[in-house]
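The structure appears right after this line, and notes come after that.
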Amino acid sequence: MKKSINTFLKHPTKDNANRSANPPVTRASTILFDSMQEMYRHELKIKKHQKVSHYTYGRYGSTTTIELENILKELEQAYHVFLTGTGFGGIALALMSLCRPGDEILVSDNVYGPTKEISKELMHEFNIKAKFYDPDSFKDLQQKISKKTKMILVENPGSNTFEFQDLSKITALAKRKKIYTLLDNTWGTPLYLKPLKLGFDMSFCSATKYFSGHSDAMGGSLAVNKKVFRKIMFFYKLSGYRMSADEAYLIIRGLRTLDTRLSKHSENTKIVINFLKKQKKIKEILYPHNPNSKNYKLWKKYYSGATGLFSIVIKSKKKSSVIKFVNSLELFGIGYSWGGFESLAILQELKSSKKDEYLKGRQFYRFDNDEYVVRLHIGLEDPKDLINDLKKGLKKIK
């Protein structure tokens, strides 16, 4: 019987041996075989990328991580999915697997801070040059491509500033130039956008966020097409970037309710934004909510839904009053990450300076001196309570 993806997520493999509705947690370093011949045959199956229920050594994963790989492979419509111990590990895996001395990488200026850091700082030590392009200018991307460009790394929408790019134009250009492409799809998840179907070679998600959904697990997923599979598998097996069985189990648990949770996050976010857009102290809401905006049109072109993360631009003469606003919120936790059940708020330092220009700052997005960006994650609470909390907190802004 053909099933929708929402039904598929509710029915991963069961633990038939123990009659459990959930898959087993298999922790193992040594994997045992009945004979050397069986081991040789199994190694050959893995080499040919045939379906297996276990690997030959624990560094590559266990039956629990294979179960998660298979779920995400279906969700991403991927040739293979690699799992890493943290979300950012998936980005590092792609760069370390495919880039070599003398290469250049083109990186969207609005990527996650550590992605900028590894691109600019660590890759430089391997004689790999990073160029950052304006996410609002396809022409800027085109002009910065050279014969040395090995990869284009995109985050869509952008971290904290939430610019949306014309993704098909990027993949079409990359294919003509024979350049690898990677999309950080953590915000949209493969439930709302399937990057590989758009022509990207790699689709990254921080499984720490919406996949897990409970703020108690860390992990990353890198879904790939056949073209890059061998090179990434080579480095993956050597590097030990694997995810633990316990983390994989928690993420499998989270995926079962992914569709239900994202729907509620989106519903609550729309209600909260309808309140925020009426507030005079808020200059701008960085989220695809305005049908007349470029970002909304690009979101609508590619995505089947929106999630619960966005930023607000606050005008204030005093940074201290913006900090008081964040500190005063009772229902919004102050902390990194997002994608869990709870609401979060954090002041983001995005104004460029010589010291942190490539790491925290923005080269192209400009803020006035009296503008501050606060990122909000809208959780699963009653949106009326969240609005009342925000209403009280906004009084602190001077």
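By convention here, the chains of the structure tokens are called A, B, ... in the order presented, each chain's residues are numbered starting at 1, and ligands are numbered starting at 1 in the order presented.
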
Any idea what's packed within 7 Å of region 160-170 of chain A, counting only C-alpha atoms, ignoring anything in its chain fewer than 6 positions away? Could you give it as a list of chain:residue names? A:Pro135, A:Asp136, A:Leu198, A:Leu286, A:Tyr287, A:Asn295, A:Leu298, A:Trp299, A:Phe310, A:Ser311, A:Arg375

Give me, as CSV, the closest atom pair and its distance (Å, one decimal) for every residue of region 314-334 of chain A within a cut-off of 9 Å of region 381-386 of chain A, counting only C-alpha atoms, rows sorted by chain and rising number.
residue,atom,partner,partner_atom,distance
A:Glu330,CA,A:Leu386,CA,9.0
A:Leu331,CA,A:Leu386,CA,6.7
A:Phe332,CA,A:Leu386,CA,8.0

What are the nearest atom pairs, with distances in Å to one decimal, for all residues of region 179-261 of chain A that come at most 12 Å from region 1-23 of chain A, using only C-alpha atoms, set out by chain and rising residue number as CSV?
residue,atom,partner,partner_atom,distance
A:Pro190,CA,A:Ile5,CA,10.6
A:Leu191,CA,A:Ile5,CA,8.3
A:Tyr192,CA,A:Ile5,CA,11.3
A:Phe211,CA,A:Leu9,CA,11.2
A:Ala245,CA,A:Pro23,CA,10.7
A:Asp246,CA,A:Pro23,CA,11.2
A:Ala248,CA,A:Pro23,CA,10.3
A:Tyr249,CA,A:Pro23,CA,7.6
A:Leu250,CA,A:Asn22,CA,10.6
A:Ile251,CA,A:Leu9,CA,11.7
A:Ile252,CA,A:Pro12,CA,8.2
A:Arg253,CA,A:Asn22,CA,8.2
A:Gly254,CA,A:Leu9,CA,9.7
A:Leu255,CA,A:Leu9,CA,6.4
A:Arg256,CA,A:Lys10,CA,4.9
A:Thr257,CA,A:Lys10,CA,7.5
A:Leu258,CA,A:Leu9,CA,8.0
A:Asp259,CA,A:Asn6,CA,6.4
A:Thr260,CA,A:Asn6,CA,8.7
A:Arg261,CA,A:Asn6,CA,11.6

Can you pull out every residue from region 64-149 of chain A that DSSP, working from the backbone, puts in helix (DSSP H, G or I), and format the result as a PyMOL selection string? chain A and resi 64-76+87-98+113-125+138-144

Find the residues around Asp134 (chain A) up to 12 Å (only C-alpha atoms counted), leave out those fewer than 5 positions away in its own chain, and share them as a PyMOL selection string. chain A and resi 106-111+139-144+154-155+158+163-165+362-366

Saved selection, atoms kept: C-alpha atoms, as a CSV table (one decimal), in the first residue's frame:
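And here is the file that came out, out22.csv:
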chain,number,residue,atom,x,y,z
A,106,LEU,CA,31.6,30.2,-2.6
A,107,VAL,CA,29.6,30.7,0.6
A,108,SER,CA,26.5,32.7,1.2
A,109,ASP,CA,27.2,35.6,3.5
A,110,ASN,CA,24.2,34.8,5.7
A,111,VAL,CA,25.3,31.2,6.8
A,139,LYS,CA,24.9,38.5,-10.1
A,140,ASP,CA,27.4,38.7,-7.2
A,141,LEU,CA,27.4,34.9,-7.0
A,142,GLN,CA,28.0,34.6,-10.8
A,143,GLN,CA,30.8,37.1,-10.7
A,144,LYS,CA,32.7,35.4,-7.9
A,154,VAL,CA,24.0,28.0,0.6
A,155,GLU,CA,21.8,28.4,3.7
A,158,GLY,CA,19.8,32.8,5.8
A,163,GLU,CA,17.0,36.0,3.1
A,164,PHE,CA,15.6,33.5,0.5
A,165,GLN,CA,17.5,32.8,-2.7
A,362,ARG,CA,27.3,40.7,7.7
A,363,GLN,CA,29.1,42.1,4.7
A,364,PHE,CA,26.0,43.0,2.7
A,365,TYR,CA,23.0,43.3,5.1
A,366,ARG,CA,23.1,46.7,6.7
